[in-house]
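Student: My file is final04.cif. It has mmCIF, C-alpha atoms and all ligand atoms:
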```
data_work
#
loop_
_atom_site.label_atom_id
_atom_site.label_comp_id
_atom_site.auth_asym_id
_atom_site.auth_seq_id
_atom_site.Cartn_x
_atom_site.Cartn_y
_atom_site.Cartn_z
CA MET E 254 -16.34 6.32 7.55
CA ARG E 255 -15.55 7.64 4.10
CA LEU E 256 -12.34 6.66 2.36
CA LEU E 257 -11.23 9.38 -0.04
CA SER E 258 -9.05 7.71 -2.60
CA ARG E 259 -8.81 6.87 -6.26
CA TRP E 260 -8.49 3.57 -8.08
CA GLN E 261 -4.74 3.91 -8.69
CA ASN E 262 -3.66 4.78 -5.16
CA SER E 263 -1.30 2.27 -3.66
CA ALA E 264 -1.39 3.83 -0.19
CA GLY E 265 -5.18 3.90 -0.42
CA GLU E 266 -5.23 0.24 -1.43
CA ARG E 267 -3.48 -0.59 1.87
CA VAL E 268 -6.33 1.09 3.73
CA ARG E 269 -9.03 -0.55 1.59
CA ILE E 270 -7.55 -3.95 2.43
CA ALA E 271 -7.29 -3.12 6.15
CA LEU E 272 -10.92 -1.95 6.31
CA ARG E 273 -12.03 -5.20 4.69
CA LEU E 274 -9.80 -7.44 6.79
CA LYS E 275 -11.43 -5.81 9.82
CA ASN E 276 -14.92 -6.21 8.30
CA LEU E 277 -15.56 -2.47 8.68
CA GLN E 278 -18.26 -0.66 6.72
CA PHE E 279 -17.00 2.30 4.72
CA THR E 280 -17.97 4.42 1.76
CA TYR E 281 -15.42 4.66 -1.00
CA VAL E 282 -15.32 8.23 -2.35
CA PRO E 283 -13.30 8.72 -5.54
CA VAL E 284 -11.62 12.14 -5.48
CA SER E 285 -12.79 12.60 -9.07
CA SER E 286 -16.34 12.88 -7.66
CA LEU E 287 -15.42 15.88 -5.48
CA ALA E 288 -15.62 19.53 -6.48
CA PRO E 289 -12.36 21.13 -7.75
CA GLY E 290 -10.18 22.04 -4.76
CA GLU E 291 -12.43 20.24 -2.29
CA TYR E 292 -9.95 17.46 -1.54
CA ASN E 293 -7.09 19.88 -0.83
CA SER E 294 -9.31 21.83 1.54
CA LEU E 295 -9.84 18.58 3.47
CA ASN E 296 -6.26 17.29 3.26
CA PRO E 297 -3.79 20.17 2.81
CA GLN E 298 -0.99 17.92 1.51
CA GLY E 299 -3.31 16.75 -1.23
CA LEU E 300 -1.97 13.19 -1.27
CA LEU E 301 -4.27 10.21 -1.22
CA PRO E 302 -5.82 8.59 0.73
CA ALA E 303 -7.63 10.31 3.57
CA LEU E 304 -10.16 8.85 5.96
CA ASP E 305 -13.14 10.97 6.92
CA VAL E 306 -14.46 9.89 10.31
CA GLY E 307 -17.63 11.84 11.04
CA GLY E 308 -16.24 14.94 9.33
CA ARG E 309 -12.76 14.72 10.85
CA ILE E 310 -9.97 13.91 8.42
CA ILE E 311 -7.04 11.56 8.93
CA ALA E 312 -4.29 11.79 6.30
CA GLN E 313 -1.37 9.41 5.69
CA SER E 314 -2.08 5.71 5.30
CA SER E 315 0.16 4.76 8.24
CA ALA E 316 -1.81 7.06 10.56
CA ILE E 317 -5.08 5.70 9.19
CA LEU E 318 -3.92 2.11 9.76
CA ASP E 319 -2.87 2.98 13.32
CA TYR E 320 -6.27 4.59 13.94
CA LEU E 321 -8.12 1.53 12.63
CA GLU E 322 -5.96 -0.84 14.66
CA GLU E 323 -6.40 1.19 17.87
CA THR E 324 -10.11 1.82 17.41
CA TYR E 325 -11.08 -1.62 16.08
CA PRO E 326 -8.51 -3.96 17.63
CA GLU E 327 -10.26 -7.17 16.55
CA PRO E 328 -9.38 -8.81 14.28
CA SER E 329 -5.89 -7.43 14.69
CA LEU E 330 -3.72 -6.71 11.68
CA LEU E 331 -0.62 -7.33 13.78
CA PRO E 332 0.91 -10.48 15.28
CA SER E 333 0.42 -10.84 19.04
CA GLU E 334 4.06 -11.66 19.84
CA PRO E 335 5.93 -8.34 20.31
CA ILE E 336 9.04 -9.07 18.25
CA THR E 337 7.03 -10.53 15.36
CA ARG E 338 4.69 -7.54 15.64
CA ALA E 339 7.66 -5.18 15.34
CA GLN E 340 8.97 -7.19 12.38
CA ALA E 341 5.62 -6.87 10.62
CA ARG E 342 5.68 -3.11 11.22
CA ALA E 343 9.26 -2.91 9.92
CA PHE E 344 8.25 -4.81 6.79
CA GLY E 345 5.47 -2.29 6.15
CA ALA E 346 7.73 0.67 6.92
CA LEU E 347 10.34 -0.54 4.45
CA ILE E 348 7.69 -0.58 1.73
CA ALA E 349 6.02 2.71 2.65
CA SER E 350 9.15 4.74 3.37
CA GLU E 351 12.02 3.18 1.44
CA MET E 352 10.22 2.04 -1.71
CA HIS E 353 6.86 3.74 -2.26
CA ALA E 354 7.73 7.24 -1.02
CA ILE E 355 10.73 7.67 -3.30
CA THR E 356 9.25 6.18 -6.47
CA VAL E 357 5.75 7.75 -6.57
CA GLN E 358 4.61 9.75 -9.53
CA ARG E 359 5.40 13.19 -8.07
CA VAL E 360 9.00 12.09 -7.39
CA ARG E 361 9.34 10.65 -10.90
CA ARG E 362 7.87 13.86 -12.33
CA PHE E 363 10.29 16.01 -10.33
CA LEU E 364 13.26 14.00 -11.60
CA GLN E 365 12.03 14.33 -15.16
CA ASP E 366 10.65 17.87 -15.23
CA GLU E 367 12.80 19.72 -12.70
CA LEU E 368 16.10 17.82 -12.80
CA ALA E 369 15.94 16.93 -16.52
CA VAL E 370 16.54 13.23 -15.89
CA ASP E 371 15.68 11.32 -19.07
CA GLU E 372 13.31 8.35 -19.25
CA THR E 373 16.15 5.84 -18.90
CA GLY E 374 17.39 7.61 -15.79
CA VAL E 375 13.94 7.69 -14.21
CA THR E 376 13.49 3.99 -14.96
CA ARG E 377 16.87 3.24 -13.37
CA TRP E 378 15.86 5.27 -10.29
CA VAL E 379 12.61 3.34 -9.87
CA ARG E 380 14.12 -0.10 -10.52
CA ASN E 381 17.05 0.56 -8.17
CA TRP E 382 14.89 1.39 -5.13
CA MET E 383 12.34 -1.28 -5.94
CA ALA E 384 14.99 -4.00 -6.34
CA LEU E 385 16.82 -3.04 -3.14
CA GLY E 386 13.53 -3.11 -1.27
CA PHE E 387 12.22 -6.38 -2.70
CA GLU E 388 15.57 -8.11 -2.12
CA ALA E 389 15.43 -7.12 1.54
CA LEU E 390 11.78 -8.16 1.85
CA GLU E 391 12.46 -11.56 0.27
CA ALA E 392 15.45 -12.12 2.59
CA THR E 393 13.32 -11.07 5.55
CA LEU E 394 10.71 -13.70 4.75
CA ALA E 395 13.43 -16.33 4.29
CA GLN E 396 14.74 -15.56 7.81
CA ARG E 397 11.41 -16.02 9.59
CA THR E 398 11.29 -18.48 12.45
CA SER E 399 8.11 -20.02 10.97
CA GLN E 400 7.27 -20.31 7.30
CA TRP E 401 3.73 -18.96 7.68
CA PRO E 402 1.45 -18.83 4.62
CA PHE E 403 1.28 -15.05 4.94
CA CYS E 404 4.15 -12.69 5.79
CA PHE E 405 3.97 -12.95 9.57
CA GLY E 406 1.15 -15.31 10.38
CA ASP E 407 -1.52 -17.75 9.38
CA GLU E 408 -3.79 -14.82 8.47
CA PRO E 409 -2.92 -11.81 6.30
CA GLY E 410 -2.24 -8.52 8.06
CA TRP E 411 -0.08 -5.40 8.27
CA ALA E 412 2.87 -6.65 6.22
CA ASP E 413 0.73 -8.31 3.55
CA LEU E 414 -1.47 -5.27 2.98
CA HIS E 415 1.65 -3.21 2.31
CA LEU E 416 3.25 -5.86 0.11
CA VAL E 417 0.48 -6.66 -2.36
CA PRO E 418 -0.18 -3.11 -3.65
CA GLN E 419 3.56 -2.49 -3.88
CA MET E 420 4.04 -5.58 -6.06
CA SER E 421 1.34 -4.57 -8.50
CA THR E 422 2.73 -1.02 -8.64
CA ALA E 423 6.21 -2.41 -9.31
CA ARG E 424 4.87 -4.53 -12.17
CA ARG E 425 3.09 -1.52 -13.63
CA LEU E 426 6.41 0.35 -13.56
CA GLY E 427 8.14 -2.49 -15.41
CA CYS E 428 9.97 -4.15 -12.52
CA GLU E 429 10.79 -7.84 -12.81
CA LEU E 430 9.62 -9.81 -9.75
CA ALA E 431 10.52 -13.42 -10.64
CA ALA E 432 13.51 -13.34 -8.30
CA TYR E 433 11.23 -13.11 -5.24
CA PRO E 434 9.43 -16.48 -4.93
CA LEU E 435 8.45 -16.04 -1.28
CA LEU E 436 6.89 -12.65 -1.97
CA LEU E 437 5.10 -14.01 -5.04
CA ALA E 438 3.68 -16.92 -3.04
CA VAL E 439 2.30 -14.57 -0.37
CA GLU E 440 0.86 -12.29 -3.05
CA ASP E 441 -0.85 -15.25 -4.72
CA ARG E 442 -2.43 -16.36 -1.43
CA CYS E 443 -3.61 -12.82 -0.65
CA ASN E 444 -5.13 -12.29 -4.07
CA ARG E 445 -7.41 -15.30 -3.55
CA LEU E 446 -9.10 -13.42 -0.70
CA ASP E 447 -11.98 -10.97 -1.13
CA ALA E 448 -10.34 -8.33 1.09
CA PHE E 449 -7.49 -8.09 -1.41
CA ARG E 450 -9.40 -8.72 -4.66
CA LEU E 451 -12.07 -6.13 -3.88
CA SER E 452 -9.36 -3.58 -3.04
CA GLN E 453 -7.46 -3.87 -6.33
CA PRO E 454 -7.45 -0.84 -8.64
CA GLU E 455 -9.55 -2.55 -11.31
CA ALA E 456 -12.28 -3.37 -8.75
CA GLN E 457 -12.86 0.29 -7.85
CA PRO E 458 -15.90 2.13 -9.25
CA ASP E 459 -13.69 4.90 -10.67
CA PHE E 460 -11.31 2.49 -12.42
CA LEU E 461 -9.55 4.30 -15.30
CA VAL E 462 -11.12 7.70 -14.47
CA PRO E 463 -8.22 10.18 -14.89
N1 LIG J 1 2.83 8.68 2.67
C1 LIG J 1 1.54 8.81 2.02
C2 LIG J 1 1.73 8.62 0.53
C3 LIG J 1 0.54 9.06 -0.23
C4 LIG J 1 0.83 9.11 -1.72
O1 LIG J 1 1.97 9.32 -2.18
N2 LIG J 1 -0.21 8.96 -2.49
C5 LIG J 1 -0.07 9.09 -3.92
C6 LIG J 1 -0.69 7.94 -4.64
S1 LIG J 1 -0.20 6.37 -4.04
C7 LIG J 1 -0.77 10.34 -4.38
O2 LIG J 1 -1.64 10.86 -3.70
N3 LIG J 1 -0.43 10.84 -5.55
C8 LIG J 1 -1.04 12.00 -6.08
C9 LIG J 1 -2.27 11.71 -6.84
O3 LIG J 1 -2.55 10.53 -7.12
O4 LIG J 1 -2.98 12.68 -7.19
C10 LIG J 1 0.57 7.77 2.58
O5 LIG J 1 1.01 6.69 2.97
O6 LIG J 1 -0.64 8.05 2.64
#
```
Please lay out the structure from this file as structure tokens.
Ligand SMILES: N[C@@H](CCC(=O)N[C@@H](CS)C(=O)NCC(=O)O)C(=O)O

Tutor:
Amino acid sequence: MRLLSRWQNSAGERVRIALRLKNLQFTYVPVSSLAPGEYNSLNPQGLLPALDVGGRIIAQSSAILDYLEETYPEPSLLPSEPITRAQARAFGALIASEMHAITVQRVRRFLQDELAVDETGVTRWVRNWMALGFEALEATLAQRTSQWPFCFGDEPGWADLHLVPQMSTARRLGCELAAYPLLLAVEDRCNRLDAFRLSQPEAQPDFLVP
């Protein structure tokens, strides 16, 4: 498998973590190493990441995660109990759909360049959706029936691999996270593990390549 990504690719970081949690071999391919236009010919939407499985391309991190979970079920990224499993999926969906998707660079650029929103307005946009999301995530962890060390279990999985990249992205965009102690504690536990540390932007071979 080849993971087409770049160092600063939050959705790609989710997949990097998942591949490592499942102990799967993969080749990390920075898009900067491809010929001009090559990535878009593989993934027409042009967003990162994409997984190349024997020459067939899977786009969208959620589809890639589903593929990995279905094809390599052990170790599972999801809790075995159905309601907890659904809660873990909901936690990830909140991050991917309600936070990440509406604050990514192309959305910020559209606000700024096409709608003439000034820097203060763009910052307000980002902080609003991030804060609403993190508040809900923190409250979700507080409501759990068990206070597991990770989001939904004794091992990290689906929810955690969505959470950790989102927290570092939020920090990079100037969001204050001190109000979320449960999230911070999970993040701290995750970042002690190789699967998470080796997947961080600064650990990628193309770190800082534009
Ligand atoms: N829903 C997509 C989101 C992908 C996405 O927005 N990726 C961003 C980076 S996190 C991207 O490709 N931005 C354009 C770029 O970096 O060139 C997924 O989960 O894969």

Student: One decimal, in Å: what's the spacing between atom CA of Ile311 of chain E and atom CA of Phe405 of chain E?

Tutor: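 Distance reported for this atom pair: 26.9 Å.
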
Student: Have a look at E:Gln340, E:Ser263, E:Thr280, E:Ser333 and name the one nearest to Thr356 of chain E; count all atoms listed in the file.

Tutor: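 So, comparing all the options, the nearest one is E:Ser263.
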
Student: Ligand LIG 1 (chain J): which residues are within 7 Å, counting all atoms listed in the file? Reply as a ChimeraX atom specification.

Tutor: /E:261-265,299-302,312-315,349,354,357-359

Student: Restricting the calculation to all atoms listed in the file, which member of E:Ala346, E:Val284, E:Leu446, E:Leu277 is positioned closest to Phe460 of chain E?

Tutor: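 Among the listed residues, E:Val284 lies closest to Phe460 of chain E.
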
Student: Of the candidates E:Ile310, E:Leu435, E:Cys428, E:Met383, which shows the shortest atom-to-atom distance to Ala395 of chain E, using all atoms listed in the file?

Tutor: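 Of the candidates, the smallest distance to Ala395 of chain E is held by E:Leu435.
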
Student: Closest to Tyr281 of chain E among E:Ser452, E:Thr324, E:Ser258, E:Thr373, using all atoms listed in the file?

Tutor: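 Going through E:Ser452, E:Thr324, E:Ser258, E:Thr373 one by one, the smallest distance to Tyr281 of chain E is for E:Ser258.
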
Student: Restricting the calculation to all atoms listed in the file: of E:Gly374, E:Gly345, E:Gly410, E:Pro289, which residue gets closest to Phe387 of chain E?

Tutor: E:Gly345

Student: Smallest atom-to-atom distance to Leu321 of chain E: which of E:Arg380, E:Arg269, E:Arg259, E:Arg397, using all atoms listed in the file?

Tutor: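 Going through E:Arg380, E:Arg269, E:Arg259, E:Arg397 one by one, the smallest distance to Leu321 of chain E is for E:Arg269.
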
Student: Set up a box along x, y and z of the file covering all listed atoms of segment 364-380 of chain E, add 8 Å on every one of the six sides, and write the centre and edge lengths in Å to one decimal, as JSON.

Tutor:
```
{"center_x": 14.0, "center_y": 9.8, "center_z": -14.6, "size_x": 22.7, "size_y": 35.8, "size_z": 25.4}
```

Student: To one decimal place in Å, what is the distance between atom CA of Pro283 of chain E and atom CA of Gly308 of chain E?

Tutor: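 So the two atoms, atom CA of Pro283 of chain E and atom CA of Gly308 of chain E, lie 16.4 Å apart.
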
Student: Between atom CA of Gln419 of chain E and atom CA of Glu440 of chain E, what is the distance in Å, rounded to a tenth?

Tutor: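 According to the coordinates, atom CA of Gln419 of chain E and atom CA of Glu440 of chain E are separated by 10.2 Å.
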